[in-house]
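Asker: Following this message is one structure expressed as structure tokens.
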Amino acid sequence: MTVLVSLIVGLGLFFIIGLAARVALQAAAPARHRPMFRDMPLTAAFGLAVILVYVVVAILAPVIAPFGEGEVLGDQYLPWAAPHYLGTDKLGRDMLTRLIYGARNTVGIAFATTALAFVAGSVLGIWAALAGGWLDQGLSRLVDALMAIPALVFSLLLLTIFGTSVLTLILVIAAVDATRVYRLARSVAQGIVVMDYIEAARLRGEGNWHLIRREILPNAMAPLVAEFGLRFCFVFLSISALSFLGLGIKPPTADWGSMVRENATLITFGDITPLLPAGAIALLTVAVNFVVDWQLHRASGLRD
Amino acid sequence: MTGLWRMIGQRLLLGMLTLFIISVVIFGATELLPGDLARELLGQSATEETLAALREQLGLNDPAPVRYWNWLTGVLQGDFGLSMATQKPISELVGARLGNTLFLALYAAALSIPLSLLLGVLAALWRNSVFDRASNALALTAISFPEFFVAYILILWLAQTGLFPSMVRITGATTTGDLLYSAFLPALTLTLVVTAHMMRMTRAAIINLLASPYIEMARLKGMSPMRVVLRHAVPNALAPIINVVALNLAYLITGVVVVEVVFVYPGLGQLMIDAVTNRDIPVVQAIALIFAAAYVLLNLLADVLSTVTNPRLMHRT
């Protein structure tokens with residue numbers, strides 16, 4: 001019964017947020033972008049609204065949060081009641097505060113990692129496509145070999161060797177995901193480097209860096225942006241999984257993955273508090289996926 | 001037929017080569033560490049004697065190629081060396097748990113493959129219907145969920161009400177029936193995580209084919225939509241479907257890591273996490289090699305099977 005009620009409430013919220021976001025975006029967008037938002041599906045509008053909320057919460061975390069990030073305030077596992085609206089965790093820290101700071105830490109670290117993986121992977125991939133020959137062969141075979149090992153297993157191996165800290169976590173995940181970005185960037189760029197305008201730019205005597213930045217990147221943007229969204233989801237999920245396993249972001253830093261792990265015992269008493277950080281992870285990933293799905297659909301020009 | 005056998009032979013050789021390279025990467029990754037592995041593992045306060053003992057145990061005094069050769073020949077004979085944390089042979093630690101993990105992965109596969117194929121075919125058959133849209137949105141949602149979220153929701157709904165146990169205990173006396181019952185929640189979690197992807201790909205593969213002329217022909221001669229899909233579209237969509245199934249089975253093998261930890265399931269994933277926490281490098285290397293080998297083998301199998309089911313690929317010279 002409760003399942004049914006929460007399902008209906010959830011669907012209702014989804015429609016209201018989606019519709020409101022669509023109207024708001026249409027009103028706020030400049031005139032030439034308006035048609036894009038008018039035809040956007042509800043899922044995408046909902047996704048954009050959710051992403052916006054997360055970004056605002058992450059930026060304004062110290063202003064919104066009622067208490068300090070690592071502040072121990074009283075008894076452990078307090079129930080949901082004022083002033084601790086979502087109760088306290090196993091050390092007596094305010095759950096709501098840590099959820100809000102988690103938006104900053106978890107999402108921030110995932111974003112930095114994705115950006116790093118993306119810059120490294122796409123620059124190397126485009127460079128390989130442009131240079132061709134032994135450089136391309138060497139890099140591509142290396143990436144093939146690295147991709148033959150499952151991502152999570154390879155990250156675990158690297159974390160064992162280099163130890164677990166936030167910096168190694170970022171570097172390891174970025175390195176593993178850069179191989180996937182490299183693959184895509186190289187195959188997209190290979191279609192572009194054979195174009196006449198690249199030949200023309202080469203004859204003008206432009207260097208490789210100029211070719212990548214001014215000629216290839218602008219034309220490879222659409223698939224790369226969609227890949228950025230998808231890659232962010234993967235990175236975000238793997239960082240959360242590693243934190244959940246106790247190998248990622250360490251306490252006292254508030255992080256959603258480790259918050260689930262720390263408070264998991266509450267589940268056996270039927271308390272849903274530990275599900276909140278997990279739900280926060282899930283909601284953001286769903287939102288990003290919805291937006292990416294819409295963008296991919298638009299880019300492919302499908303109209304079925 | 002000789003062409004087929006030659007193809008399988010070629011793929012096997014290629015797979016062996018991939019495995020060899022993977023073993024080099026897994027072994028060689030320790031060489032990336034600047035400085036001394038023994039000191040890194042024991043910390044700055046370690047005495048010279050303990051450092052020397054650890055170097056001796058890990059064979060760090062030999063040059064890297066010699067160490068690699070010794071390790072590889074050992075692995076090929078089923079000897080992975082000793083665990084640093086427990087000083088037990090790794091093959092003993094791994095052996096008991098490998099079966100458990102394989103059981104869980106197979107259990108999840110047995111649930112998810114029929115389910116996702118059925119849902120995929122139905123979604124393709126009734127495309128753009130409410131069922132199709134709902135299952136598509138649900139699939140996208142399920143893909144985005146972290147495994148532990150799905151696992152805890154299932155625990156809250158199904159274990160709190162006492163229907164299924166939330167922890168898996170395996171002893172010598174556990175029968176297969178007990179095991180199927182107690183491992184149901186972890187298997188269901190894995191099923192939910194992989195079904196979405198397989199279902200979406202099945203749907204896409206079939207819809208791709210529905211635009212082809214021979215499907216039009218079948219429809220024009222008055223065949224029912226169900227029969228068109230089952231008799232004409234599905235057999236030709238088998239190759240991509242097999243590929244995505246194999247990919248997801250390979251995913252299952254690594255996906256078990258998180259699920260095993262949530263349900264305290266005594267499998268390889270849990271062993272690996274413990275080893276990573278203790279920085280027990282030989283154990284992590286051994287398990288990584290096993291996971292990677294399973295991954296390569298499944299991909300190889302998918303390659304061969306999709307060729308066998310596609311006559312055009314088979315008769316290519």
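Residues are named by chain letter and number: chains run A, B, ... in the order of the structure tokens, numbers start at 1 in each chain, and ligands are numbered from 1 in the order shown.
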List the neighbours of Ile51 in chain A out to 9 Å using only C-alpha atoms; skip same-chain residues closer than 5 positions along the sequence, and give me the result as a VMD selection string.

Answerer: chain A and resid 46 56 284 287 to 288

Asker: Filtering to N, CA, C and O atoms, could you give me those residues as a PDB file, in the first residue's frame?

Answerer:
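The result, stored in selection22.pdb:
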```
ATOM      1  N   PHE A  46      12.516  17.682 -16.480  1.00  0.00           N
ATOM      2  CA  PHE A  46      12.698  17.230 -15.102  1.00  0.00           C
ATOM      3  C   PHE A  46      14.184  17.094 -14.779  1.00  0.00           C
ATOM      4  O   PHE A  46      14.672  17.571 -13.745  1.00  0.00           O
ATOM      5  N   VAL A  56      22.948  24.346  -7.366  1.00  0.00           N
ATOM      6  CA  VAL A  56      22.714  25.428  -6.413  1.00  0.00           C
ATOM      7  C   VAL A  56      23.050  24.964  -5.000  1.00  0.00           C
ATOM      8  O   VAL A  56      23.755  25.644  -4.248  1.00  0.00           O
ATOM      9  N   LEU A 284      20.355  12.062  -9.241  1.00  0.00           N
ATOM     10  CA  LEU A 284      21.204  12.870 -10.119  1.00  0.00           C
ATOM     11  C   LEU A 284      21.574  12.090 -11.380  1.00  0.00           C
ATOM     12  O   LEU A 284      21.557  12.632 -12.493  1.00  0.00           O
ATOM     13  N   ALA A 287      18.687  12.016 -13.690  1.00  0.00           N
ATOM     14  CA  ALA A 287      18.481  13.325 -14.306  1.00  0.00           C
ATOM     15  C   ALA A 287      19.456  13.545 -15.460  1.00  0.00           C
ATOM     16  O   ALA A 287      19.058  13.955 -16.561  1.00  0.00           O
ATOM     17  N   VAL A 288      20.745  13.251 -15.216  1.00  0.00           N
ATOM     18  CA  VAL A 288      21.743  13.444 -16.270  1.00  0.00           C
ATOM     19  C   VAL A 288      21.429  12.535 -17.462  1.00  0.00           C
ATOM     20  O   VAL A 288      21.488  12.963 -18.621  1.00  0.00           O
TER      21      VAL A 288
END
```

Asker: Show which residues sit within 8 Å of Gln160 in chain B, as a list of chain:residue names. Count only C-alpha atoms, and ignore same-chain residues fewer than 4 positions away.

Answerer: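 In the requested form, the answer reads A:Thr268, A:Phe269, A:Gly270, B:Ile155, B:Leu156.
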
Asker: Once you have the residues from the selection above, write them out as a PDB file, in the first residue's frame, restricted to N, CA, C and O atoms.

Answerer:
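File again.pdb, as written:
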```pdb
ATOM      1  N   THR A 268      18.152  -2.458   8.792  1.00  0.00           N
ATOM      2  CA  THR A 268      17.610  -3.675   9.404  1.00  0.00           C
ATOM      3  C   THR A 268      16.545  -3.358  10.450  1.00  0.00           C
ATOM      4  O   THR A 268      15.822  -4.234  10.887  1.00  0.00           O
ATOM      5  N   PHE A 269      16.454  -2.061  10.854  1.00  0.00           N
ATOM      6  CA  PHE A 269      15.367  -1.681  11.760  1.00  0.00           C
ATOM      7  C   PHE A 269      14.221  -1.032  11.003  1.00  0.00           C
ATOM      8  O   PHE A 269      13.342  -0.427  11.600  1.00  0.00           O
ATOM      9  N   GLY A 270      14.260  -1.108   9.667  1.00  0.00           N
ATOM     10  CA  GLY A 270      13.175  -0.557   8.869  1.00  0.00           C
ATOM     11  C   GLY A 270      13.240   0.959   8.726  1.00  0.00           C
ATOM     12  O   GLY A 270      12.275   1.587   8.321  1.00  0.00           O
TER      13      GLY A 270
ATOM     14  N   ILE B 155      16.134  -5.056   0.312  1.00  0.00           N
ATOM     15  CA  ILE B 155      16.198  -5.509   1.705  1.00  0.00           C
ATOM     16  C   ILE B 155      15.035  -4.926   2.487  1.00  0.00           C
ATOM     17  O   ILE B 155      14.354  -5.613   3.251  1.00  0.00           O
ATOM     18  N   LEU B 156      14.788  -3.629   2.252  1.00  0.00           N
ATOM     19  CA  LEU B 156      13.717  -2.951   2.992  1.00  0.00           C
ATOM     20  C   LEU B 156      12.366  -3.580   2.692  1.00  0.00           C
ATOM     21  O   LEU B 156      11.545  -3.767   3.585  1.00  0.00           O
TER      22      LEU B 156
END
```

Asker: What are the residues of chain A that have an atom within 6 Å of an atom of chain B, counting only C-alpha atoms, as a ChimeraX atom specification?

Answerer: /A:149,153,160,278,282,285-286

Asker: Could those selected residues go to a file with N, CA, C and O atoms, as an mmCIF file, in the first residue's frame?

Answerer:
```
data_model
loop_
_atom_site.group_PDB
_atom_site.id
_atom_site.type_symbol
_atom_site.label_atom_id
_atom_site.label_comp_id
_atom_site.auth_asym_id
_atom_site.auth_seq_id
_atom_site.Cartn_x
_atom_site.Cartn_y
_atom_site.Cartn_z
ATOM 1 N N ILE A 149 40.497 -5.164 -19.352
ATOM 2 C CA ILE A 149 40.319 -5.459 -17.926
ATOM 3 C C ILE A 149 39.092 -4.681 -17.453
ATOM 4 O O ILE A 149 39.003 -3.489 -17.702
ATOM 5 N N VAL A 153 37.516 -3.622 -11.591
ATOM 6 C CA VAL A 153 38.617 -4.488 -11.164
ATOM 7 C C VAL A 153 39.948 -3.767 -11.323
ATOM 8 O O VAL A 153 40.804 -3.789 -10.430
ATOM 9 N N THR A 160 44.963 -0.517 -4.780
ATOM 10 C CA THR A 160 45.778 -1.319 -3.874
ATOM 11 C C THR A 160 47.229 -0.883 -3.952
ATOM 12 O O THR A 160 47.922 -0.778 -2.943
ATOM 13 N N ALA A 278 21.799 7.397 -0.923
ATOM 14 C CA ALA A 278 21.786 6.523 -2.109
ATOM 15 C C ALA A 278 20.788 7.053 -3.128
ATOM 16 O O ALA A 278 21.051 7.081 -4.331
ATOM 17 N N ALA A 282 21.181 8.296 -7.005
ATOM 18 C CA ALA A 282 20.350 7.754 -8.079
ATOM 19 C C ALA A 282 19.623 8.869 -8.828
ATOM 20 O O ALA A 282 19.602 8.888 -10.060
ATOM 21 N N THR A 285 21.908 10.795 -11.218
ATOM 22 C CA THR A 285 22.281 10.001 -12.384
ATOM 23 C C THR A 285 21.107 9.886 -13.354
ATOM 24 O O THR A 285 21.289 9.999 -14.565
ATOM 25 N N VAL A 286 19.913 9.654 -12.801
ATOM 26 C CA VAL A 286 18.731 9.585 -13.659
ATOM 27 C C VAL A 286 18.554 10.892 -14.411
ATOM 28 O O VAL A 286 18.333 10.910 -15.634
#
```

Asker: Would you return as an NGL selection string the members of range 141-255 of chain A that DSSP assigns to alpha helix (DSSP H) on this structure's backbone?

Answerer: :A and (141-147 or 151-162 or 166-193 or 196-203 or 208-210 or 217-244)

Asker: Near Ile215 in chain B, within 12 Å and counting only C-alpha atoms, which residues show up once chain neighbours fewer than 2 positions away are dropped, as a ChimeraX atom specification?

Answerer: /B:206-213,217-234,236

Asker: Find the spatial neighbours of range 71-74 of chain B, counting only C-alpha atoms, within a cut-off of 10 Å - ignore same-chain residues fewer than 2 positions away - and output them as an MDAnalysis selection string.

Answerer: chainID B and resid 20 23:24 27 59 65:69 76:81 282

Asker: Near range 182-198 of chain A, counting only C-alpha atoms, which residues have an atom at most 10 Å away, once you skip same-chain residues fewer than 3 positions from it, shown as number ranges by chain?

Answerer: A: 117-132, 136, 139-140, 143-144, 147, 177-179, 201-204, 206, 211-212, 215-217, 219-221, 223-224, 227

Asker: For the selection you just gave me, I'd like the residues written to a file as a short mmCIF file (atom, residue, chain, number, x, y, z; two decimals), in the first residue's frame, keeping N, CA and C atoms.

Answerer:
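See part.cif below for the written result:
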```cif
data_model
loop_
_atom_site.label_atom_id
_atom_site.label_comp_id
_atom_site.auth_asym_id
_atom_site.auth_seq_id
_atom_site.Cartn_x
_atom_site.Cartn_y
_atom_site.Cartn_z
N ALA A 117 39.43 13.13 -16.98
CA ALA A 117 39.39 12.00 -17.90
C ALA A 117 39.08 12.50 -19.30
N PHE A 118 38.21 13.48 -19.35
CA PHE A 118 37.75 13.96 -20.64
C PHE A 118 38.82 14.70 -21.40
N VAL A 119 39.50 15.61 -20.70
CA VAL A 119 40.56 16.38 -21.36
C VAL A 119 41.65 15.42 -21.84
N ALA A 120 42.11 14.53 -20.94
CA ALA A 120 43.19 13.62 -21.31
C ALA A 120 42.76 12.71 -22.47
N GLY A 121 41.57 12.09 -22.32
CA GLY A 121 41.12 11.13 -23.33
C GLY A 121 40.88 11.78 -24.68
N SER A 122 40.21 12.95 -24.70
CA SER A 122 39.86 13.51 -26.00
C SER A 122 41.08 14.13 -26.68
N VAL A 123 41.97 14.77 -25.91
CA VAL A 123 43.16 15.34 -26.56
C VAL A 123 44.01 14.23 -27.17
N LEU A 124 44.25 13.16 -26.38
CA LEU A 124 45.05 12.05 -26.89
C LEU A 124 44.37 11.38 -28.09
N GLY A 125 43.04 11.20 -27.99
CA GLY A 125 42.32 10.52 -29.05
C GLY A 125 42.37 11.30 -30.35
N ILE A 126 42.12 12.62 -30.27
CA ILE A 126 42.14 13.44 -31.48
C ILE A 126 43.55 13.52 -32.05
N TRP A 127 44.51 13.64 -31.13
CA TRP A 127 45.91 13.71 -31.56
C TRP A 127 46.30 12.42 -32.31
N ALA A 128 45.87 11.28 -31.76
CA ALA A 128 46.19 10.00 -32.40
C ALA A 128 45.58 9.93 -33.79
N ALA A 129 44.33 10.39 -33.92
CA ALA A 129 43.66 10.35 -35.21
C ALA A 129 44.37 11.27 -36.20
N LEU A 130 44.84 12.40 -35.70
CA LEU A 130 45.48 13.40 -36.55
C LEU A 130 46.86 12.93 -36.99
N ALA A 131 47.63 12.37 -36.05
CA ALA A 131 49.00 12.00 -36.35
C ALA A 131 49.05 10.69 -37.14
N GLY A 132 48.18 9.74 -36.80
CA GLY A 132 48.20 8.45 -37.49
C GLY A 132 49.51 7.73 -37.24
N ASP A 136 49.53 6.50 -33.36
CA ASP A 136 48.14 6.05 -33.30
C ASP A 136 48.08 4.58 -32.93
N LEU A 139 49.29 3.97 -29.17
CA LEU A 139 48.30 4.40 -28.18
C LEU A 139 47.06 3.53 -28.21
N SER A 140 46.58 3.23 -29.43
CA SER A 140 45.34 2.48 -29.55
C SER A 140 45.48 1.06 -29.00
N VAL A 143 45.48 1.22 -25.25
CA VAL A 143 44.14 1.44 -24.73
C VAL A 143 43.32 0.15 -24.83
N ASP A 144 43.46 -0.56 -25.96
CA ASP A 144 42.76 -1.84 -26.12
C ASP A 144 43.09 -2.78 -24.97
N MET A 147 41.52 -1.67 -21.77
CA MET A 147 40.07 -1.82 -21.74
C MET A 147 39.64 -3.27 -21.63
N ASP A 177 38.84 5.88 -16.98
CA ASP A 177 37.78 6.37 -17.86
C ASP A 177 38.33 7.09 -19.09
N ALA A 178 39.54 7.62 -18.98
CA ALA A 178 40.14 8.30 -20.13
C ALA A 178 40.29 7.33 -21.30
N THR A 179 40.51 6.02 -21.01
CA THR A 179 40.65 5.05 -22.10
C THR A 179 39.35 4.98 -22.90
N ALA A 201 43.51 23.61 -44.04
CA ALA A 201 44.17 24.21 -42.88
C ALA A 201 45.63 23.76 -42.81
N ARG A 202 45.86 22.49 -43.15
CA ARG A 202 47.24 21.99 -43.13
C ARG A 202 48.09 22.72 -44.16
N LEU A 203 47.49 22.93 -45.34
CA LEU A 203 48.24 23.61 -46.41
C LEU A 203 48.53 25.06 -46.03
N ARG A 204 47.62 25.64 -45.23
CA ARG A 204 47.88 27.00 -44.73
C ARG A 204 49.06 27.01 -43.79
N GLU A 206 49.00 25.43 -40.65
CA GLU A 206 48.60 25.46 -39.24
C GLU A 206 49.23 24.28 -38.50
N LEU A 211 44.92 22.87 -35.24
CA LEU A 211 43.98 21.97 -35.91
C LEU A 211 43.01 21.36 -34.91
N ILE A 212 43.58 20.87 -33.78
CA ILE A 212 42.72 20.23 -32.78
C ILE A 212 41.72 21.24 -32.23
N GLU A 215 39.72 23.46 -35.57
CA GLU A 215 39.07 22.78 -36.70
C GLU A 215 38.33 21.51 -36.26
N ILE A 216 38.98 20.67 -35.45
CA ILE A 216 38.38 19.36 -35.14
C ILE A 216 37.41 19.44 -33.97
N LEU A 217 37.84 20.07 -32.86
CA LEU A 217 36.98 20.10 -31.67
C LEU A 217 35.59 20.66 -31.93
N ASN A 219 33.80 20.59 -34.48
CA ASN A 219 32.99 19.66 -35.27
C ASN A 219 32.71 18.35 -34.55
N ALA A 220 33.48 18.07 -33.48
CA ALA A 220 33.29 16.82 -32.75
C ALA A 220 32.50 17.07 -31.47
N MET A 221 32.03 18.30 -31.29
CA MET A 221 31.45 18.70 -30.00
C MET A 221 30.20 17.88 -29.64
N PRO A 223 28.83 14.76 -30.25
CA PRO A 223 28.99 13.45 -29.60
C PRO A 223 29.81 13.53 -28.32
N LEU A 224 30.78 14.44 -28.28
CA LEU A 224 31.62 14.53 -27.09
C LEU A 224 30.83 15.04 -25.89
N GLU A 227 28.77 12.28 -24.60
CA GLU A 227 29.65 11.34 -23.91
C GLU A 227 30.05 11.88 -22.54
#
```

Asker: Could you tell me, as number ranges by chain, which residues of range 65-188 of chain A DSSP assigns to strand (DSSP E or B) when given the backbone?

Answerer: A: 72, 81, 84, 88, 93-94

Asker: Okay, now the selection with N, CA and C atoms, as a PDB file, in the first residue's frame?

Answerer:
```pdb
ATOM      1  N   VAL A  72      29.778  17.183  15.743  1.00  0.00           N
ATOM      2  CA  VAL A  72      29.060  16.153  16.501  1.00  0.00           C
ATOM      3  C   VAL A  72      28.105  16.869  17.456  1.00  0.00           C
ATOM      4  N   ALA A  81      13.264  14.626  13.720  1.00  0.00           N
ATOM      5  CA  ALA A  81      12.507  15.630  14.463  1.00  0.00           C
ATOM      6  C   ALA A  81      13.361  16.885  14.560  1.00  0.00           C
ATOM      7  N   HIS A  84      16.913  18.354  14.145  1.00  0.00           N
ATOM      8  CA  HIS A  84      17.566  17.453  13.184  1.00  0.00           C
ATOM      9  C   HIS A  84      16.488  16.835  12.309  1.00  0.00           C
ATOM     10  N   THR A  88      20.125  12.009  13.105  1.00  0.00           N
ATOM     11  CA  THR A  88      21.584  12.101  13.154  1.00  0.00           C
ATOM     12  C   THR A  88      22.180  10.751  12.765  1.00  0.00           C
ATOM     13  N   ARG A  93      26.117  13.184  14.043  1.00  0.00           N
ATOM     14  CA  ARG A  93      26.190  14.354  13.163  1.00  0.00           C
ATOM     15  C   ARG A  93      24.861  14.521  12.439  1.00  0.00           C
ATOM     16  N   ASP A  94      24.523  15.772  12.099  1.00  0.00           N
ATOM     17  CA  ASP A  94      23.225  16.045  11.493  1.00  0.00           C
ATOM     18  C   ASP A  94      23.176  15.489  10.068  1.00  0.00           C
TER      19      ASP A  94
END
```

Asker: Neighbouring residues of range 5-20 of chain A were defined as those with any atom within 7 Å, considering only C-alpha atoms; residues of the same chain fewer than 5 positions away were excluded. Please report them as a list in words.

Answerer: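 Contacts, with the query itself left out: Leu42, Thr43, Ala45 and Phe46 of chain A.
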
Asker: Select, from A:Leu99, A:Thr164, A:Gly47, A:Val225, the residue with the minimum atom-to-atom distance to Leu275 in chain A, counting only C-alpha atoms.

Answerer: A:Leu99

Asker: B:Gly43, B:Gly3, B:Gly95, B:Pro186: which is nearest Leu271 in chain B, counting only C-alpha atoms?

Answerer: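 Looking only at the distances to Leu271 in chain B, the closest residue turns out to be B:Gly95.
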
Asker: I'd like the contact shell of Met201 in chain B - 10 Å cut-off, only C-alpha atoms, skipping same-chain residues fewer than 2 positions apart - returned as a ChimeraX atom specification.

Answerer: /B:116-117,120,196-199,203-207,240-241,243-245

Asker: Based on the selection just made, write N, CA and C atoms of those residues as a CSV table (one decimal), in the first residue's frame.

Answerer:
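Saved the output as result19.csv:
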```
chain,number,residue,atom,x,y,z
B,116,SER,N,14.7,-10.2,-19.8
B,116,SER,CA,15.0,-9.1,-20.6
B,116,SER,C,14.7,-9.4,-22.1
B,117,LEU,N,14.9,-10.6,-22.5
B,117,LEU,CA,14.5,-10.9,-23.9
B,117,LEU,C,13.0,-10.8,-24.1
B,120,GLY,N,12.1,-7.1,-24.0
B,120,GLY,CA,12.6,-6.4,-25.2
B,120,GLY,C,11.7,-6.7,-26.4
B,196,ALA,N,17.8,-4.0,-17.6
B,196,ALA,CA,17.5,-2.7,-18.3
B,196,ALA,C,18.3,-2.6,-19.6
B,197,HIS,N,19.6,-2.8,-19.5
B,197,HIS,CA,20.5,-2.6,-20.6
B,197,HIS,C,20.2,-3.7,-21.7
B,198,MET,N,20.0,-4.9,-21.3
B,198,MET,CA,19.8,-6.0,-22.3
B,198,MET,C,18.4,-5.8,-23.0
B,199,MET,N,17.5,-5.3,-22.2
B,199,MET,CA,16.1,-5.1,-22.7
B,199,MET,C,16.2,-4.0,-23.8
B,203,ARG,N,15.4,-4.5,-27.8
B,203,ARG,CA,14.4,-3.7,-28.5
B,203,ARG,C,15.0,-3.0,-29.7
B,204,ALA,N,16.1,-2.3,-29.5
B,204,ALA,CA,16.7,-1.6,-30.6
B,204,ALA,C,17.1,-2.5,-31.7
B,205,ALA,N,17.7,-3.7,-31.4
B,205,ALA,CA,18.1,-4.6,-32.5
B,205,ALA,C,16.9,-5.0,-33.3
B,206,ILE,N,15.8,-5.3,-32.7
B,206,ILE,CA,14.6,-5.8,-33.4
B,206,ILE,C,14.0,-4.6,-34.3
B,207,ILE,N,13.9,-3.4,-33.6
B,207,ILE,CA,13.3,-2.3,-34.3
B,207,ILE,C,14.1,-1.9,-35.6
B,240,PRO,N,23.5,-9.2,-32.5
B,240,PRO,CA,23.6,-8.1,-31.5
B,240,PRO,C,23.1,-8.5,-30.1
B,241,ILE,N,22.0,-9.3,-30.1
B,241,ILE,CA,21.5,-9.7,-28.8
B,241,ILE,C,22.5,-10.5,-28.0
B,243,ASN,N,25.7,-10.5,-28.3
B,243,ASN,CA,26.8,-9.6,-27.9
B,243,ASN,C,26.4,-8.9,-26.6
B,244,VAL,N,25.2,-8.3,-26.6
B,244,VAL,CA,24.9,-7.5,-25.4
B,244,VAL,C,24.7,-8.4,-24.2
B,245,VAL,N,24.1,-9.6,-24.4
B,245,VAL,CA,24.0,-10.6,-23.3
B,245,VAL,C,25.4,-10.9,-22.7
```

Asker: Give the answer as one residue: which of A:Ser258, A:Gly138, A:Ser165, A:Thr114 has the shortest atom-to-atom distance to Gly229 in chain A, using only C-alpha atoms?

Answerer: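 Once distances to Gly229 in chain A are computed over only C-alpha atoms, the minimum belongs to A:Thr114.
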
Asker: What is the distance, in Å and to one decimal place, between CA of Ser306 in chain B and CA of Pro235 in chain B?

Answerer: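 Rounded to one decimal, the two atoms are 11.0 Å apart.
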
Asker: Would you mind reading off the distance between CA of Ala82 in chain A and CA of Ala58 in chain A, one decimal, in Å?

Answerer: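 Result for CA of Ala82 in chain A versus CA of Ala58 in chain A: 23.0 Å, one decimal.
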
Asker: In Å, rounded to a single decimal, give me how far CA of Thr309 in chain B is from CA of Ala239 in chain B.

Answerer: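 Distance reported for this atom pair: 6.6 Å.
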